[in-house]
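Text of the file structure_17.cif, holding mmCIF, N, CA and C atoms, pLDDT in the B column; chains and numbers go by the auth columns:
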data_my_file
#
loop_
_atom_site.group_PDB
_atom_site.id
_atom_site.type_symbol
_atom_site.label_atom_id
_atom_site.label_comp_id
_atom_site.label_asym_id
_atom_site.label_seq_id
_atom_site.Cartn_x
_atom_site.Cartn_y
_atom_site.Cartn_z
_atom_site.B_iso_or_equiv
_atom_site.auth_seq_id
_atom_site.auth_asym_id
ATOM 1 N N MET A 1 6.097 -1.398 -20.570 76.00 1 A
ATOM 2 C CA MET A 1 5.382 -1.776 -19.373 76.00 1 A
ATOM 3 C C MET A 1 6.062 -1.109 -18.165 76.00 1 A
ATOM 4 N N LYS A 2 5.241 -0.585 -17.255 84.00 2 A
ATOM 5 C CA LYS A 2 5.769 0.033 -16.043 84.00 2 A
ATOM 6 C C LYS A 2 6.048 -1.046 -15.009 84.00 2 A
ATOM 7 N N SER A 3 7.136 -0.877 -14.285 89.00 3 A
ATOM 8 C CA SER A 3 7.408 -1.751 -13.155 89.00 3 A
ATOM 9 C C SER A 3 7.348 -0.911 -11.884 89.00 3 A
ATOM 10 N N THR A 4 7.192 -1.560 -10.751 91.00 4 A
ATOM 11 C CA THR A 4 7.030 -0.859 -9.484 91.00 4 A
ATOM 12 C C THR A 4 8.125 -1.270 -8.515 91.00 4 A
ATOM 13 N N LEU A 5 8.666 -0.299 -7.822 90.00 5 A
ATOM 14 C CA LEU A 5 9.662 -0.515 -6.792 90.00 5 A
ATOM 15 C C LEU A 5 9.102 0.111 -5.523 90.00 5 A
ATOM 16 N N HIS A 6 8.853 -0.690 -4.499 91.00 6 A
ATOM 17 C CA HIS A 6 8.271 -0.183 -3.256 91.00 6 A
ATOM 18 C C HIS A 6 9.358 -0.125 -2.197 91.00 6 A
ATOM 19 N N LEU A 7 9.635 1.082 -1.688 90.00 7 A
ATOM 20 C CA LEU A 7 10.658 1.289 -0.669 90.00 7 A
ATOM 21 C C LEU A 7 10.071 2.086 0.487 90.00 7 A
ATOM 22 N N THR A 8 10.669 1.946 1.658 91.00 8 A
ATOM 23 C CA THR A 8 10.319 2.774 2.807 91.00 8 A
ATOM 24 C C THR A 8 11.579 3.501 3.233 91.00 8 A
ATOM 25 N N THR A 9 11.443 4.796 3.509 90.00 9 A
ATOM 26 C CA THR A 9 12.609 5.585 3.898 90.00 9 A
ATOM 27 C C THR A 9 12.195 6.625 4.928 90.00 9 A
ATOM 28 N N LYS A 10 13.141 7.328 5.472 91.00 10 A
ATOM 29 C CA LYS A 10 12.878 8.396 6.437 91.00 10 A
ATOM 30 C C LYS A 10 13.270 9.722 5.800 91.00 10 A
ATOM 31 N N VAL A 11 12.614 10.781 6.237 92.00 11 A
ATOM 32 C CA VAL A 11 12.955 12.124 5.767 92.00 11 A
ATOM 33 C C VAL A 11 14.281 12.518 6.410 92.00 11 A
ATOM 34 N N LEU A 12 15.208 12.987 5.595 94.00 12 A
ATOM 35 C CA LEU A 12 16.528 13.385 6.060 94.00 12 A
ATOM 36 C C LEU A 12 16.557 14.870 6.403 94.00 12 A
ATOM 37 N N ALA A 13 17.660 15.300 6.974 95.00 13 A
ATOM 38 C CA ALA A 13 17.847 16.719 7.267 95.00 13 A
ATOM 39 C C ALA A 13 17.617 17.532 6.006 95.00 13 A
ATOM 40 N N GLY A 14 17.008 18.682 6.160 95.00 14 A
ATOM 41 C CA GLY A 14 16.705 19.519 5.005 95.00 14 A
ATOM 42 C C GLY A 14 15.446 19.073 4.278 95.00 14 A
ATOM 43 N N ASN A 15 14.641 18.213 4.936 93.00 15 A
ATOM 44 C CA ASN A 15 13.385 17.708 4.368 93.00 15 A
ATOM 45 C C ASN A 15 13.602 16.973 3.056 93.00 15 A
ATOM 46 N N ARG A 16 14.673 16.187 2.984 95.00 16 A
ATOM 47 C CA ARG A 16 15.012 15.452 1.771 95.00 16 A
ATOM 48 C C ARG A 16 14.754 13.964 1.965 95.00 16 A
ATOM 49 N N ILE A 17 14.540 13.276 0.873 94.00 17 A
ATOM 50 C CA ILE A 17 14.499 11.820 0.873 94.00 17 A
ATOM 51 C C ILE A 17 15.483 11.330 -0.181 94.00 17 A
ATOM 52 N N GLU A 18 16.026 10.132 0.025 93.00 18 A
ATOM 53 C CA GLU A 18 16.930 9.525 -0.950 93.00 18 A
ATOM 54 C C GLU A 18 16.375 8.169 -1.349 93.00 18 A
ATOM 55 N N ILE A 19 16.548 7.834 -2.608 92.00 19 A
ATOM 56 C CA ILE A 19 16.119 6.540 -3.125 92.00 19 A
ATOM 57 C C ILE A 19 17.328 5.907 -3.794 92.00 19 A
ATOM 58 N N GLU A 20 17.656 4.700 -3.372 92.00 20 A
ATOM 59 C CA GLU A 20 18.772 3.954 -3.951 92.00 20 A
ATOM 60 C C GLU A 20 18.297 2.572 -4.313 92.00 20 A
ATOM 61 N N SER A 21 18.628 2.119 -5.492 91.00 21 A
ATOM 62 C CA SER A 21 18.268 0.774 -5.903 91.00 21 A
ATOM 63 C C SER A 21 19.182 0.333 -7.038 91.00 21 A
ATOM 64 N N PRO A 22 19.679 -0.874 -6.970 93.00 22 A
ATOM 65 C CA PRO A 22 20.525 -1.373 -8.063 93.00 22 A
ATOM 66 C C PRO A 22 19.748 -1.564 -9.371 93.00 22 A
ATOM 67 N N THR A 23 18.420 -1.541 -9.296 91.00 23 A
ATOM 68 C CA THR A 23 17.621 -1.705 -10.513 91.00 23 A
ATOM 69 C C THR A 23 17.421 -0.397 -11.269 91.00 23 A
ATOM 70 N N LEU A 24 17.789 0.740 -10.651 92.00 24 A
ATOM 71 C CA LEU A 24 17.660 2.040 -11.313 92.00 24 A
ATOM 72 C C LEU A 24 18.939 2.350 -12.084 92.00 24 A
ATOM 73 N N LEU A 25 18.778 2.931 -13.257 94.00 25 A
ATOM 74 C CA LEU A 25 19.920 3.257 -14.094 94.00 25 A
ATOM 75 C C LEU A 25 20.191 4.764 -14.057 94.00 25 A
ATOM 76 N N VAL A 26 21.444 5.142 -14.080 96.00 26 A
ATOM 77 C CA VAL A 26 21.817 6.554 -14.100 96.00 26 A
ATOM 78 C C VAL A 26 21.206 7.207 -15.336 96.00 26 A
ATOM 79 N N GLY A 27 20.532 8.331 -15.140 96.00 27 A
ATOM 80 C CA GLY A 27 19.907 9.051 -16.244 96.00 27 A
ATOM 81 C C GLY A 27 18.505 8.583 -16.586 96.00 27 A
ATOM 82 N N GLN A 28 18.071 7.484 -15.978 94.00 28 A
ATOM 83 C CA GLN A 28 16.734 6.947 -16.245 94.00 28 A
ATOM 84 C C GLN A 28 15.675 7.865 -15.644 94.00 28 A
ATOM 85 N N THR A 29 14.598 8.098 -16.357 95.00 29 A
ATOM 86 C CA THR A 29 13.483 8.884 -15.834 95.00 29 A
ATOM 87 C C THR A 29 12.588 7.972 -15.009 95.00 29 A
ATOM 88 N N VAL A 30 12.249 8.428 -13.803 93.00 30 A
ATOM 89 C CA VAL A 30 11.368 7.665 -12.922 93.00 30 A
ATOM 90 C C VAL A 30 10.248 8.561 -12.427 93.00 30 A
ATOM 91 N N GLU A 31 9.148 7.974 -12.050 93.00 31 A
ATOM 92 C CA GLU A 31 8.014 8.686 -11.475 93.00 31 A
ATOM 93 C C GLU A 31 7.991 8.361 -9.982 93.00 31 A
ATOM 94 N N VAL A 32 7.922 9.392 -9.135 92.00 32 A
ATOM 95 C CA VAL A 32 7.977 9.200 -7.689 92.00 32 A
ATOM 96 C C VAL A 32 6.674 9.692 -7.069 92.00 32 A
ATOM 97 N N VAL A 33 6.062 8.838 -6.240 92.00 33 A
ATOM 98 C CA VAL A 33 4.867 9.191 -5.489 92.00 33 A
ATOM 99 C C VAL A 33 5.183 8.956 -4.019 92.00 33 A
ATOM 100 N N VAL A 34 4.914 9.935 -3.159 91.00 34 A
ATOM 101 C CA VAL A 34 5.238 9.821 -1.740 91.00 34 A
ATOM 102 C C VAL A 34 3.949 9.672 -0.942 91.00 34 A
ATOM 103 N N PHE A 35 3.857 8.590 -0.174 90.00 35 A
ATOM 104 C CA PHE A 35 2.754 8.371 0.743 90.00 35 A
ATOM 105 C C PHE A 35 3.278 8.626 2.144 90.00 35 A
ATOM 106 N N ILE A 36 2.620 9.516 2.890 89.00 36 A
ATOM 107 C CA ILE A 36 3.037 9.831 4.249 89.00 36 A
ATOM 108 C C ILE A 36 2.335 8.865 5.192 89.00 36 A
ATOM 109 N N ALA A 37 3.117 8.190 6.046 85.00 37 A
ATOM 110 C CA ALA A 37 2.567 7.194 6.971 85.00 37 A
ATOM 111 C C ALA A 37 1.555 7.827 7.918 85.00 37 A
ATOM 112 N N ASP A 38 0.505 7.076 8.256 81.00 38 A
ATOM 113 C CA ASP A 38 -0.520 7.556 9.186 81.00 38 A
ATOM 114 C C ASP A 38 0.107 7.986 10.509 81.00 38 A
ATOM 115 N N GLY A 39 -0.387 9.109 11.045 68.00 39 A
ATOM 116 C CA GLY A 39 0.073 9.583 12.341 68.00 39 A
ATOM 117 C C GLY A 39 1.335 10.421 12.281 68.00 39 A
ATOM 118 N N SER A 40 1.964 10.552 11.106 55.00 40 A
ATOM 119 C CA SER A 40 3.191 11.343 11.040 55.00 40 A
ATOM 120 C C SER A 40 2.992 12.679 10.342 55.00 40 A
ATOM 121 N N ALA A 41 1.809 12.908 9.810 50.00 41 A
ATOM 122 C CA ALA A 41 1.552 14.171 9.114 50.00 41 A
ATOM 123 C C ALA A 41 1.139 15.240 10.123 50.00 41 A
ATOM 124 N N ASP A 42 1.677 16.432 9.967 55.00 42 A
ATOM 125 C CA ASP A 42 1.276 17.540 10.820 55.00 42 A
ATOM 126 C C ASP A 42 0.477 18.550 10.003 55.00 42 A
ATOM 127 N N SER A 43 0.024 19.604 10.647 47.00 43 A
ATOM 128 C CA SER A 43 -0.819 20.572 9.945 47.00 43 A
ATOM 129 C C SER A 43 -0.063 21.267 8.816 47.00 43 A
ATOM 130 N N LEU A 44 1.246 21.467 8.957 52.00 44 A
ATOM 131 C CA LEU A 44 2.026 22.101 7.895 52.00 44 A
ATOM 132 C C LEU A 44 2.029 21.221 6.649 52.00 44 A
ATOM 133 N N THR A 45 2.182 19.926 6.838 55.00 45 A
ATOM 134 C CA THR A 45 2.155 19.004 5.698 55.00 45 A
ATOM 135 C C THR A 45 0.804 19.052 5.016 55.00 45 A
ATOM 136 N N GLU A 46 -0.270 19.081 5.806 55.00 46 A
ATOM 137 C CA GLU A 46 -1.611 19.131 5.239 55.00 46 A
ATOM 138 C C GLU A 46 -1.802 20.411 4.443 55.00 46 A
ATOM 139 N N GLU A 47 -1.276 21.544 4.926 53.00 47 A
ATOM 140 C CA GLU A 47 -1.389 22.801 4.202 53.00 47 A
ATOM 141 C C GLU A 47 -0.644 22.719 2.874 53.00 47 A
ATOM 142 N N ARG A 48 0.514 22.094 2.853 57.00 48 A
ATOM 143 C CA ARG A 48 1.281 21.959 1.616 57.00 48 A
ATOM 144 C C ARG A 48 0.520 21.100 0.615 57.00 48 A
ATOM 145 N N GLU A 49 -0.115 20.038 1.093 56.00 49 A
ATOM 146 C CA GLU A 49 -0.886 19.178 0.201 56.00 49 A
ATOM 147 C C GLU A 49 -2.025 19.956 -0.420 56.00 49 A
ATOM 148 N N LEU A 50 -2.691 20.773 0.376 56.00 50 A
ATOM 149 C CA LEU A 50 -3.802 21.559 -0.151 56.00 50 A
ATOM 150 C C LEU A 50 -3.319 22.547 -1.201 56.00 50 A
ATOM 151 N N SER A 51 -2.175 23.189 -0.983 56.00 51 A
ATOM 152 C CA SER A 51 -1.683 24.158 -1.954 56.00 51 A
ATOM 153 C C SER A 51 -1.253 23.468 -3.239 56.00 51 A
ATOM 154 N N LEU A 52 -0.791 22.226 -3.164 60.00 52 A
ATOM 155 C CA LEU A 52 -0.401 21.491 -4.365 60.00 52 A
ATOM 156 C C LEU A 52 -1.603 21.115 -5.198 60.00 52 A
ATOM 157 N N GLU A 53 -2.747 20.873 -4.556 56.00 53 A
ATOM 158 C CA GLU A 53 -3.946 20.469 -5.264 56.00 53 A
ATOM 159 C C GLU A 53 -4.557 21.618 -6.060 56.00 53 A
ATOM 160 N N GLN A 54 -4.293 22.855 -5.655 50.00 54 A
ATOM 161 C CA GLN A 54 -4.915 24.019 -6.293 50.00 54 A
ATOM 162 C C GLN A 54 -4.317 24.359 -7.583 50.00 54 A
#

Show me this structure written as C-alpha coordinates.
Amino acid sequence: MKSTLHLTTKVLAGNRIEIESPTLLVGQTVEVVVFIADGSADSLTEERELSLEQ
(Lines of atoms letter the chains of each structure in order from A and count residues from 1; the text may use other names and numbers.)
(Lines give C-alpha, C1' and ligand atoms only; values in the text may rest on other atoms or scores of the structure.)
Protein backbone atom coordinates (compact mmCIF):
# COMPACT_ATOMS: atom_id res chain seq x y z
CA MET A 1 0.00 0.00 0.00
CA LYS A 2 1.26 3.49 -0.86
CA SER A 3 1.41 6.12 1.84
CA THR A 4 1.50 9.87 1.28
CA LEU A 5 3.72 12.50 2.86
CA HIS A 6 2.67 16.09 2.13
CA LEU A 7 5.37 18.74 2.65
CA THR A 8 5.85 22.36 1.63
CA THR A 9 9.32 23.67 0.87
CA LYS A 10 11.11 26.48 -0.94
CA VAL A 11 13.42 26.21 -3.94
CA LEU A 12 17.03 26.52 -2.78
CA ALA A 13 20.03 28.03 -4.53
CA GLY A 14 20.86 26.11 -7.67
CA ASN A 15 17.14 25.40 -8.27
CA ARG A 16 17.20 22.52 -5.78
CA ILE A 17 14.66 21.26 -3.29
CA GLU A 18 15.31 19.13 -0.20
CA ILE A 19 12.97 16.68 1.47
CA GLU A 20 13.59 15.50 5.02
CA SER A 21 11.36 13.24 7.05
CA PRO A 22 11.97 10.79 9.88
CA THR A 23 9.54 8.41 8.16
CA LEU A 24 11.83 8.01 5.11
CA LEU A 25 14.47 5.31 5.20
CA VAL A 26 17.96 5.59 3.70
CA GLY A 27 17.99 3.78 0.35
CA GLN A 28 14.19 3.66 0.14
CA THR A 29 12.72 4.38 -3.30
CA VAL A 30 10.19 7.22 -3.28
CA GLU A 31 8.05 8.87 -5.94
CA VAL A 32 8.18 12.69 -5.98
CA VAL A 33 5.60 14.98 -7.59
CA VAL A 34 6.13 18.76 -7.48
CA PHE A 35 3.18 21.15 -7.55
CA ILE A 36 4.15 24.78 -8.18
CA ALA A 37 2.10 27.22 -6.07
CA ASP A 38 -0.24 29.56 -7.97
CA GLY A 39 1.32 32.89 -8.90
CA SER A 40 4.92 31.69 -8.58
CA ALA A 41 5.36 30.12 -12.01
CA ASP A 42 7.08 32.19 -14.68
CA SER A 43 7.24 31.71 -18.43
CA LEU A 44 10.51 29.74 -18.17
CA THR A 45 8.85 27.22 -15.86
CA GLU A 46 5.92 26.90 -18.25
CA GLU A 47 8.32 26.25 -21.15
CA ARG A 48 10.06 23.51 -19.16
CA GLU A 49 6.72 21.88 -18.38
CA LEU A 50 5.81 21.87 -22.05
CA SER A 51 9.12 20.29 -23.05
CA LEU A 52 8.65 17.57 -20.41
CA GLU A 53 5.23 16.68 -21.80
CA GLN A 54 6.60 16.07 -25.31

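Atom N of Glu20 in chain A is positioned 8.2 Å from CA of Leu7 in chain A.
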
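Of the residues under consideration (A:Ala13, A:Glu18, A:Lys2, A:Thr8), A:Thr8 shows the shortest atom-to-atom contact distance to Ile36 in chain A when counting only C-alpha atoms.
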
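We find atom N of Gly27 in chain A and CA of Thr9 in chain A to be spaced 20.8 Å apart.
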
>> Using Å and a single decimal, report how far CA of Ser21 in chain A sits from CA of Leu5 in chain A.
In response: 8.7 Å

> If you count only C-alpha atoms, which residues fall within 12 Å of Thr4 in chain A, apart from same-chain ones fewer than 3 positions away, as a ChimeraX atom specification?
Replying inline: /A:1,7,21,23-24,30-33

Could you give me the centre and size, in Å to one decimal, of an axis-aligned box around all listed atoms of range 10-25 of chain A with 3 Å added on every side, as JSON?
{"center_x": 16.6, "center_y": 8.9, "center_z": -3.4, "size_x": 13.9, "size_y": 27.2, "size_z": 27.4}
